[in-house]
$ cat upload.txt   # compact mmCIF, C-alpha atoms and all ligand atoms
# COMPACT_ATOMS: atom_id res chain seq x y z
CA MET A 1 -27.71 -89.66 -65.20
CA SER A 2 -29.54 -92.67 -63.69
CA ARG A 3 -30.58 -95.63 -65.81
CA ARG A 4 -34.19 -94.49 -65.56
CA GLN A 5 -33.34 -90.94 -66.59
CA LEU A 6 -31.27 -92.28 -69.48
CA SER A 7 -34.06 -94.48 -70.85
CA GLY A 8 -36.43 -91.51 -70.47
CA ALA A 9 -34.06 -89.37 -72.53
CA VAL A 10 -33.72 -92.07 -75.20
CA LEU A 11 -37.51 -92.42 -75.41
CA ALA A 12 -37.93 -88.64 -75.70
CA GLY A 13 -35.32 -88.63 -78.47
CA TRP A 14 -37.21 -91.30 -80.42
CA LEU A 15 -40.49 -89.47 -80.02
CA ILE A 16 -38.96 -86.31 -81.47
CA LEU A 17 -37.49 -88.28 -84.37
CA ILE A 18 -40.74 -90.09 -85.14
CA SER A 19 -42.90 -86.98 -84.86
CA SER A 20 -40.62 -84.89 -87.06
CA ALA A 21 -40.28 -87.55 -89.79
CA PRO A 22 -43.66 -86.88 -91.48
CA THR A 23 -42.95 -83.13 -91.54
CA ALA A 24 -39.60 -83.72 -93.20
CA LEU A 25 -41.23 -86.02 -95.77
CA ALA A 26 -44.01 -83.52 -96.47
CA GLN A 27 -41.46 -80.75 -96.99
CA GLU A 28 -39.56 -82.91 -99.44
CA LYS A 29 -42.74 -83.58 -101.42
CA ALA A 30 -44.01 -80.00 -101.52
CA GLU A 31 -41.62 -78.80 -104.23
CA ARG A 32 -41.76 -75.18 -105.34
CA PRO A 33 -43.63 -74.68 -108.64
CA LEU A 34 -41.46 -74.85 -111.76
CA TYR A 35 -42.35 -71.20 -112.44
CA GLU A 36 -40.65 -70.17 -109.18
CA ARG A 37 -37.67 -72.47 -109.68
CA LEU A 38 -37.10 -70.85 -113.08
CA GLY A 39 -37.05 -67.41 -111.47
CA GLY A 40 -40.50 -66.06 -112.39
CA VAL A 41 -41.75 -64.03 -115.33
CA TYR A 42 -38.57 -62.09 -116.10
CA SER A 43 -36.54 -65.28 -116.40
CA VAL A 44 -39.20 -67.02 -118.49
CA ALA A 45 -39.51 -63.97 -120.77
CA THR A 46 -35.72 -63.82 -121.22
CA VAL A 47 -35.54 -67.48 -122.20
CA VAL A 48 -38.52 -67.15 -124.58
CA ASP A 49 -36.98 -64.03 -126.17
CA ASP A 50 -33.71 -65.83 -126.95
CA PHE A 51 -35.52 -68.96 -128.14
CA ILE A 52 -37.82 -67.12 -130.55
CA GLU A 53 -34.94 -65.06 -131.95
CA ARG A 54 -33.25 -68.37 -132.83
CA LEU A 55 -36.41 -69.83 -134.41
CA LEU A 56 -36.88 -66.74 -136.59
CA VAL A 57 -33.52 -67.28 -138.32
CA ASN A 58 -33.61 -71.09 -138.38
CA ASP A 59 -33.08 -72.15 -142.03
CA ILE A 60 -34.85 -75.48 -141.59
CA LEU A 61 -37.98 -73.73 -140.33
CA ASN A 62 -37.85 -70.95 -142.92
CA ALA A 63 -37.61 -73.50 -145.74
CA ASN A 64 -41.28 -74.23 -144.97
CA PRO A 65 -43.18 -71.52 -146.93
CA ALA A 66 -46.09 -71.45 -144.43
CA ILE A 67 -43.74 -70.85 -141.49
CA LYS A 68 -41.79 -68.22 -143.48
CA GLU A 69 -45.05 -66.43 -144.38
CA ALA A 70 -46.13 -66.37 -140.70
CA ARG A 71 -42.66 -65.23 -139.62
CA ASP A 72 -42.94 -62.20 -141.93
CA ARG A 73 -46.56 -61.46 -140.98
CA VAL A 74 -46.73 -61.97 -137.19
CA PRO A 75 -45.07 -59.28 -134.99
CA LYS A 76 -42.42 -61.11 -132.97
CA ALA A 77 -43.07 -59.06 -129.81
CA GLY A 78 -46.64 -60.41 -129.76
CA LEU A 79 -45.48 -63.98 -130.30
CA LYS A 80 -42.95 -63.66 -127.48
CA PHE A 81 -45.63 -62.24 -125.20
CA SER A 82 -48.05 -65.10 -125.97
CA VAL A 83 -45.45 -67.85 -125.54
CA THR A 84 -44.25 -66.25 -122.28
CA ALA A 85 -47.81 -66.10 -120.91
CA LEU A 86 -48.40 -69.75 -121.89
CA VAL A 87 -45.15 -70.99 -120.32
CA CYS A 88 -45.81 -68.98 -117.15
CA GLN A 89 -49.32 -70.39 -116.85
CA VAL A 90 -48.41 -74.04 -117.38
CA THR A 91 -45.45 -73.87 -115.00
CA GLY A 92 -47.59 -72.55 -112.16
CA GLY A 93 -47.29 -68.77 -112.52
CA PRO A 94 -50.16 -66.31 -112.02
CA GLN A 95 -50.29 -65.27 -115.72
CA GLN A 96 -53.18 -66.29 -117.96
CA TYR A 97 -52.68 -67.37 -121.57
CA THR A 98 -55.57 -66.10 -123.66
CA GLY A 99 -54.40 -67.09 -127.15
CA ARG A 100 -55.47 -69.91 -129.44
CA SER A 101 -55.10 -73.61 -128.69
CA MET A 102 -51.83 -75.15 -129.93
CA LYS A 103 -53.79 -76.97 -132.63
CA ASP A 104 -55.49 -73.82 -133.93
CA ALA A 105 -52.32 -71.71 -133.72
CA HIS A 106 -50.23 -74.14 -135.79
CA LYS A 107 -52.50 -76.17 -138.08
CA HIS A 108 -51.90 -73.92 -141.13
CA LEU A 109 -48.11 -74.23 -140.75
CA ASN A 110 -47.82 -77.91 -141.83
CA ILE A 111 -45.06 -78.50 -139.27
CA THR A 112 -43.05 -81.66 -139.90
CA GLU A 113 -41.06 -83.95 -137.59
CA LYS A 114 -37.83 -82.53 -139.04
CA GLU A 115 -38.96 -78.98 -138.19
CA TRP A 116 -40.02 -80.10 -134.73
CA GLN A 117 -36.51 -81.49 -134.13
CA ALA A 118 -34.97 -78.25 -135.43
CA MET A 119 -37.12 -76.30 -132.95
CA LEU A 120 -36.08 -78.61 -130.08
CA ALA A 121 -32.38 -78.15 -130.94
CA ASP A 122 -32.82 -74.36 -130.69
CA PHE A 123 -34.69 -74.78 -127.42
CA ARG A 124 -31.86 -76.86 -125.93
CA THR A 125 -29.29 -74.28 -127.05
CA THR A 126 -31.26 -71.53 -125.29
CA LEU A 127 -31.69 -73.58 -122.09
CA ALA A 128 -27.95 -74.30 -122.03
CA LYS A 129 -27.09 -70.65 -122.68
CA PHE A 130 -29.01 -69.58 -119.56
CA LYS A 131 -27.68 -72.53 -117.54
CA VAL A 132 -31.16 -73.75 -116.66
CA PRO A 133 -30.52 -76.70 -114.29
CA GLU A 134 -30.90 -80.19 -115.79
CA LYS A 135 -34.01 -81.09 -113.77
CA GLU A 136 -35.84 -77.91 -114.83
CA GLN A 137 -34.67 -78.38 -118.44
CA GLY A 138 -36.23 -81.86 -118.39
CA GLU A 139 -39.51 -80.53 -117.03
CA LEU A 140 -39.65 -77.77 -119.67
CA ILE A 141 -38.87 -80.19 -122.49
CA SER A 142 -41.64 -82.53 -121.25
CA ILE A 143 -44.08 -79.62 -121.35
CA VAL A 144 -43.03 -78.77 -124.92
CA GLU A 145 -43.21 -82.47 -125.92
CA SER A 146 -46.77 -82.65 -124.59
CA THR A 147 -47.84 -80.18 -127.31
CA LYS A 148 -46.24 -82.12 -130.17
CA LYS A 149 -49.36 -84.14 -131.05
CA ASP A 150 -51.24 -80.86 -131.63
CA ILE A 151 -48.45 -79.13 -133.55
CA VAL A 152 -46.77 -81.68 -135.83
CA VAL A 153 -49.24 -82.47 -138.59
CA ALA A 154 -47.20 -83.21 -141.69
CA THR A 155 -44.40 -85.55 -142.69
CA ALA A 156 -43.62 -83.51 -145.81
CA TYR A 157 -44.83 -80.36 -147.52
C1 LIG B 1 -41.59 -76.43 -134.85
C2 LIG B 1 -42.30 -75.91 -133.87
C3 LIG B 1 -43.02 -74.60 -133.91
C4 LIG B 1 -43.09 -73.65 -134.90
C5 LIG B 1 -42.41 -73.66 -136.26
C6 LIG B 1 -43.97 -72.60 -134.42
C7 LIG B 1 -44.29 -71.46 -135.13
C8 LIG B 1 -45.30 -70.59 -134.80
C9 LIG B 1 -45.79 -69.52 -135.62
C10 LIG B 1 -45.25 -69.17 -137.01
C11 LIG B 1 -46.80 -68.92 -134.97
C12 LIG B 1 -47.69 -67.76 -135.49
C13 LIG B 1 -48.81 -68.39 -136.28
C14 LIG B 1 -49.79 -67.39 -136.86
O1 LIG B 1 -50.25 -66.49 -136.12
O2 LIG B 1 -50.12 -67.52 -138.08
C15 LIG B 1 -46.94 -69.60 -133.68
C16 LIG B 1 -47.82 -69.25 -132.69
C17 LIG B 1 -47.73 -69.69 -131.39
N1 LIG B 1 -46.96 -70.73 -130.95
FE1 LIG B 1 -45.70 -71.84 -132.06
N2 LIG B 1 -44.40 -72.91 -133.16
C18 LIG B 1 -43.84 -74.11 -132.81
C19 LIG B 1 -43.99 -74.75 -131.60
C20 LIG B 1 -44.58 -74.19 -130.50
C21 LIG B 1 -44.52 -74.73 -129.16
C22 LIG B 1 -43.80 -76.01 -128.77
C23 LIG B 1 -45.22 -73.87 -128.36
C24 LIG B 1 -45.48 -73.91 -126.88
C25 LIG B 1 -45.25 -74.91 -126.10
C26 LIG B 1 -45.73 -72.81 -129.20
C27 LIG B 1 -46.51 -71.76 -128.77
C28 LIG B 1 -47.11 -70.85 -129.60
C29 LIG B 1 -48.05 -69.84 -129.14
C30 LIG B 1 -48.50 -69.60 -127.70
C31 LIG B 1 -48.45 -69.11 -130.26
C32 LIG B 1 -49.41 -67.90 -130.31
C33 LIG B 1 -50.84 -68.37 -130.52
C34 LIG B 1 -51.83 -67.20 -130.48
O3 LIG B 1 -51.44 -66.06 -130.28
O4 LIG B 1 -53.02 -67.45 -130.65
N3 LIG B 1 -45.32 -73.04 -130.49
N4 LIG B 1 -46.01 -70.59 -133.62
$ encode --input "upload.txt" --output "structure tokens" --more "lines below"
Ligand code: HEM
Amino acid sequence: MSRRQLSGAVLAGWLILISSAPTALAQEKAERPLYERLGGVYSVATVVDDFIERLLVNDILNANPAIKEARDRVPKAGLKFSVTALVCQVTGGPQQYTGRSMKDAHKHLNITEKEWQAMLADFRTTLAKFKVPEKEQGELISIVESTKKDIVVATAY
């Protein structure tokens, strides 16, 4: 290869590198929606099912008479359906949540900080059980945390 041919090849190489760099960056940024990374509706529903089963037998939660009353009154299949639809929607899935706002759904339950922490502990146990990757666990916990201001209303009951 002559010197001229060589410098032409080097230049062509650089041009390819420079022109492909933005595409590589864009691909890195365009992350798949959390909903897809979790595995879609069947995975979300499975996680919600396990999580709600834990909440229903959580002694800290059932010591609150308002939560206990709702536990005995509300069909758990419906609750699981609603929570699944909500989680799917907020993680980027095609489902639509049509239930009440978090404030309206929980205001009569007088949920305390202690109960909130008990719920989070159950949530972490469920996420670990299904080996949800750390990054996705963090994103799900942030979503749950974002509802805390609408759900925790009492410091004691
Ligand atoms: C300590 C925390 C929580 C407790 C004890 C709790 C308990 C309950 C109970 C007992 C109900 C039924 C209320 C009724 O119909 O009278 C309910 C409804 C619901 N909760 Fe929670 N919850 C908690 C946190 C959360 C969080 C973090 C989410 C979602 C991010 C959530 C999503 C929902 C949804 C979607 C409904 C159904 C609302 C409807 O159908 O209109 N909850 N919750």
$ residues_near_ligand --input "upload.txt" --ligand "ligand LIG 1 (chain B)" --cutoff "8 Å" --atoms "all atoms listed in the file" --output "ChimeraX atom specification"
/A:55,61,66-71,73-74,78-79,82-87,97-102,104-106,108-109,111-112,115-120,143-145,147-148,151-152
$ closest_residue --input "upload.txt" --among "A:Ala121, A:Cys88, A:Leu127, A:Val132" --to "A:Val44" --atoms "all atoms listed in the file"
A:Cys88
$ atom_distance --input "upload.txt" --atom1 "atom CA of A:Pro75" --atom2 "atom CA of A:Ala45"
16.0 Å
$ closest_residue --input "upload.txt" --among "A:Lys103, A:Lys129, A:Lys114, A:Arg32" --to "A:Thr46" --atoms "only C-alpha atoms"
A:Lys129
$ atom_distance --input "upload.txt" --atom1 "atom CA of A:Pro65" --atom2 "atom CA of A:Phe51"
20.5 Å
$ closest_residue --input "upload.txt" --among "A:Val41, A:Phe130, A:Arg124, A:Ala154" --to "A:Asn64" --atoms "all atoms listed in the file"
A:Ala154
$ closest_residue --input "upload.txt" --among "A:Ala63, A:Lys149, A:Tyr42, A:Tyr35" --to "A:Gln89" --atoms "all atoms listed in the file"
A:Tyr35
$ build_atoms --input "upload.txt" --residues "stretch 97-108 of chain A" --atoms "all heavy atoms" --output "mmCIF file, keeping the file's coordinate frame"
data_model
loop_
_atom_site.group_PDB
_atom_site.id
_atom_site.type_symbol
_atom_site.label_atom_id
_atom_site.label_comp_id
_atom_site.auth_asym_id
_atom_site.auth_seq_id
_atom_site.Cartn_x
_atom_site.Cartn_y
_atom_site.Cartn_z
ATOM 1 N N TYR A 97 -52.834 -67.348 -120.115
ATOM 2 C CA TYR A 97 -52.680 -67.370 -121.570
ATOM 3 C C TYR A 97 -54.065 -67.268 -122.185
ATOM 4 O O TYR A 97 -54.962 -68.041 -121.836
ATOM 5 C CB TYR A 97 -51.983 -68.673 -121.994
ATOM 6 C CG TYR A 97 -51.977 -68.878 -123.483
ATOM 7 C CD1 TYR A 97 -51.208 -68.062 -124.306
ATOM 8 C CD2 TYR A 97 -52.754 -69.872 -124.078
ATOM 9 C CE1 TYR A 97 -51.209 -68.235 -125.683
ATOM 10 C CE2 TYR A 97 -52.751 -70.058 -125.452
ATOM 11 C CZ TYR A 97 -51.978 -69.240 -126.243
ATOM 12 O OH TYR A 97 -51.985 -69.412 -127.604
ATOM 13 N N THR A 98 -54.237 -66.303 -123.087
ATOM 14 C CA THR A 98 -55.570 -66.100 -123.660
ATOM 15 C C THR A 98 -55.584 -66.317 -125.175
ATOM 16 O O THR A 98 -56.548 -65.971 -125.845
ATOM 17 C CB THR A 98 -56.079 -64.665 -123.358
ATOM 18 O OG1 THR A 98 -55.099 -63.745 -123.852
ATOM 19 C CG2 THR A 98 -56.291 -64.437 -121.880
ATOM 20 N N GLY A 99 -54.472 -66.871 -125.708
ATOM 21 C CA GLY A 99 -54.400 -67.090 -127.150
ATOM 22 C C GLY A 99 -55.109 -68.358 -127.595
ATOM 23 O O GLY A 99 -55.855 -68.977 -126.833
ATOM 24 N N ARG A 100 -54.844 -68.724 -128.853
ATOM 25 C CA ARG A 100 -55.470 -69.910 -129.440
ATOM 26 C C ARG A 100 -54.905 -71.194 -128.848
ATOM 27 O O ARG A 100 -53.824 -71.193 -128.257
ATOM 28 C CB ARG A 100 -55.230 -69.930 -130.957
ATOM 29 C CG ARG A 100 -55.979 -68.859 -131.723
ATOM 30 C CD ARG A 100 -55.445 -68.709 -133.146
ATOM 31 N NE ARG A 100 -54.127 -68.079 -133.147
ATOM 32 C CZ ARG A 100 -53.356 -67.930 -134.226
ATOM 33 N NH1 ARG A 100 -53.765 -68.382 -135.396
ATOM 34 N NH2 ARG A 100 -52.192 -67.337 -134.141
ATOM 35 N N SER A 101 -55.619 -72.300 -129.092
ATOM 36 C CA SER A 101 -55.100 -73.610 -128.690
ATOM 37 C C SER A 101 -53.883 -73.901 -129.574
ATOM 38 O O SER A 101 -53.723 -73.294 -130.649
ATOM 39 C CB SER A 101 -56.159 -74.688 -128.919
ATOM 40 O OG SER A 101 -56.341 -74.880 -130.313
ATOM 41 N N MET A 102 -53.027 -74.824 -129.143
ATOM 42 C CA MET A 102 -51.830 -75.150 -129.930
ATOM 43 C C MET A 102 -52.224 -75.704 -131.307
ATOM 44 O O MET A 102 -51.561 -75.447 -132.301
ATOM 45 C CB MET A 102 -50.932 -76.129 -129.162
ATOM 46 C CG MET A 102 -50.240 -75.516 -127.966
ATOM 47 S SD MET A 102 -49.196 -74.086 -128.390
ATOM 48 C CE MET A 102 -50.283 -72.716 -128.122
ATOM 49 N N LYS A 103 -53.327 -76.431 -131.350
ATOM 50 C CA LYS A 103 -53.790 -76.970 -132.630
ATOM 51 C C LYS A 103 -54.187 -75.839 -133.570
ATOM 52 O O LYS A 103 -53.730 -75.764 -134.709
ATOM 53 C CB LYS A 103 -54.988 -77.899 -132.362
ATOM 54 C CG LYS A 103 -55.105 -79.019 -133.342
ATOM 55 C CD LYS A 103 -56.170 -80.004 -132.930
ATOM 56 C CE LYS A 103 -55.765 -81.363 -133.443
ATOM 57 N NZ LYS A 103 -56.317 -82.458 -132.682
ATOM 58 N N ASP A 104 -55.017 -74.928 -133.086
ATOM 59 C CA ASP A 104 -55.490 -73.820 -133.930
ATOM 60 C C ASP A 104 -54.368 -72.863 -134.327
ATOM 61 O O ASP A 104 -54.386 -72.313 -135.424
ATOM 62 C CB ASP A 104 -56.598 -73.040 -133.212
ATOM 63 C CG ASP A 104 -57.905 -73.809 -133.203
ATOM 64 O OD1 ASP A 104 -58.009 -74.797 -133.962
ATOM 65 O OD2 ASP A 104 -58.813 -73.445 -132.429
ATOM 66 N N ALA A 105 -53.396 -72.679 -133.426
ATOM 67 C CA ALA A 105 -52.320 -71.710 -133.720
ATOM 68 C C ALA A 105 -51.328 -72.247 -134.755
ATOM 69 O O ALA A 105 -50.613 -71.466 -135.389
ATOM 70 C CB ALA A 105 -51.581 -71.356 -132.429
ATOM 71 N N HIS A 106 -51.279 -73.570 -134.937
ATOM 72 C CA HIS A 106 -50.230 -74.140 -135.790
ATOM 73 C C HIS A 106 -50.731 -74.959 -136.984
ATOM 74 O O HIS A 106 -49.922 -75.369 -137.816
ATOM 75 C CB HIS A 106 -49.285 -75.007 -134.950
ATOM 76 C CG HIS A 106 -48.578 -74.246 -133.872
ATOM 77 N ND1 HIS A 106 -49.075 -74.144 -132.590
ATOM 78 C CD2 HIS A 106 -47.424 -73.526 -133.879
ATOM 79 C CE1 HIS A 106 -48.260 -73.403 -131.850
ATOM 80 N NE2 HIS A 106 -47.256 -73.004 -132.606
ATOM 81 N N LYS A 107 -52.031 -75.208 -137.060
ATOM 82 C CA LYS A 107 -52.500 -76.170 -138.080
ATOM 83 C C LYS A 107 -52.175 -75.733 -139.507
ATOM 84 O O LYS A 107 -51.901 -76.568 -140.367
ATOM 85 C CB LYS A 107 -53.974 -76.507 -137.905
ATOM 86 C CG LYS A 107 -54.907 -75.337 -138.035
ATOM 87 C CD LYS A 107 -56.356 -75.770 -137.833
ATOM 88 C CE LYS A 107 -57.263 -74.590 -137.991
ATOM 89 N NZ LYS A 107 -58.186 -74.368 -136.894
ATOM 90 N N HIS A 108 -52.155 -74.417 -139.777
ATOM 91 C CA HIS A 108 -51.900 -73.920 -141.130
ATOM 92 C C HIS A 108 -50.412 -73.919 -141.487
ATOM 93 O O HIS A 108 -50.036 -73.550 -142.595
ATOM 94 C CB HIS A 108 -52.451 -72.490 -141.254
ATOM 95 C CG HIS A 108 -51.876 -71.547 -140.223
ATOM 96 N ND1 HIS A 108 -52.100 -71.700 -138.874
ATOM 97 C CD2 HIS A 108 -51.070 -70.467 -140.351
ATOM 98 C CE1 HIS A 108 -51.462 -70.751 -138.213
ATOM 99 N NE2 HIS A 108 -50.823 -69.988 -139.089
#
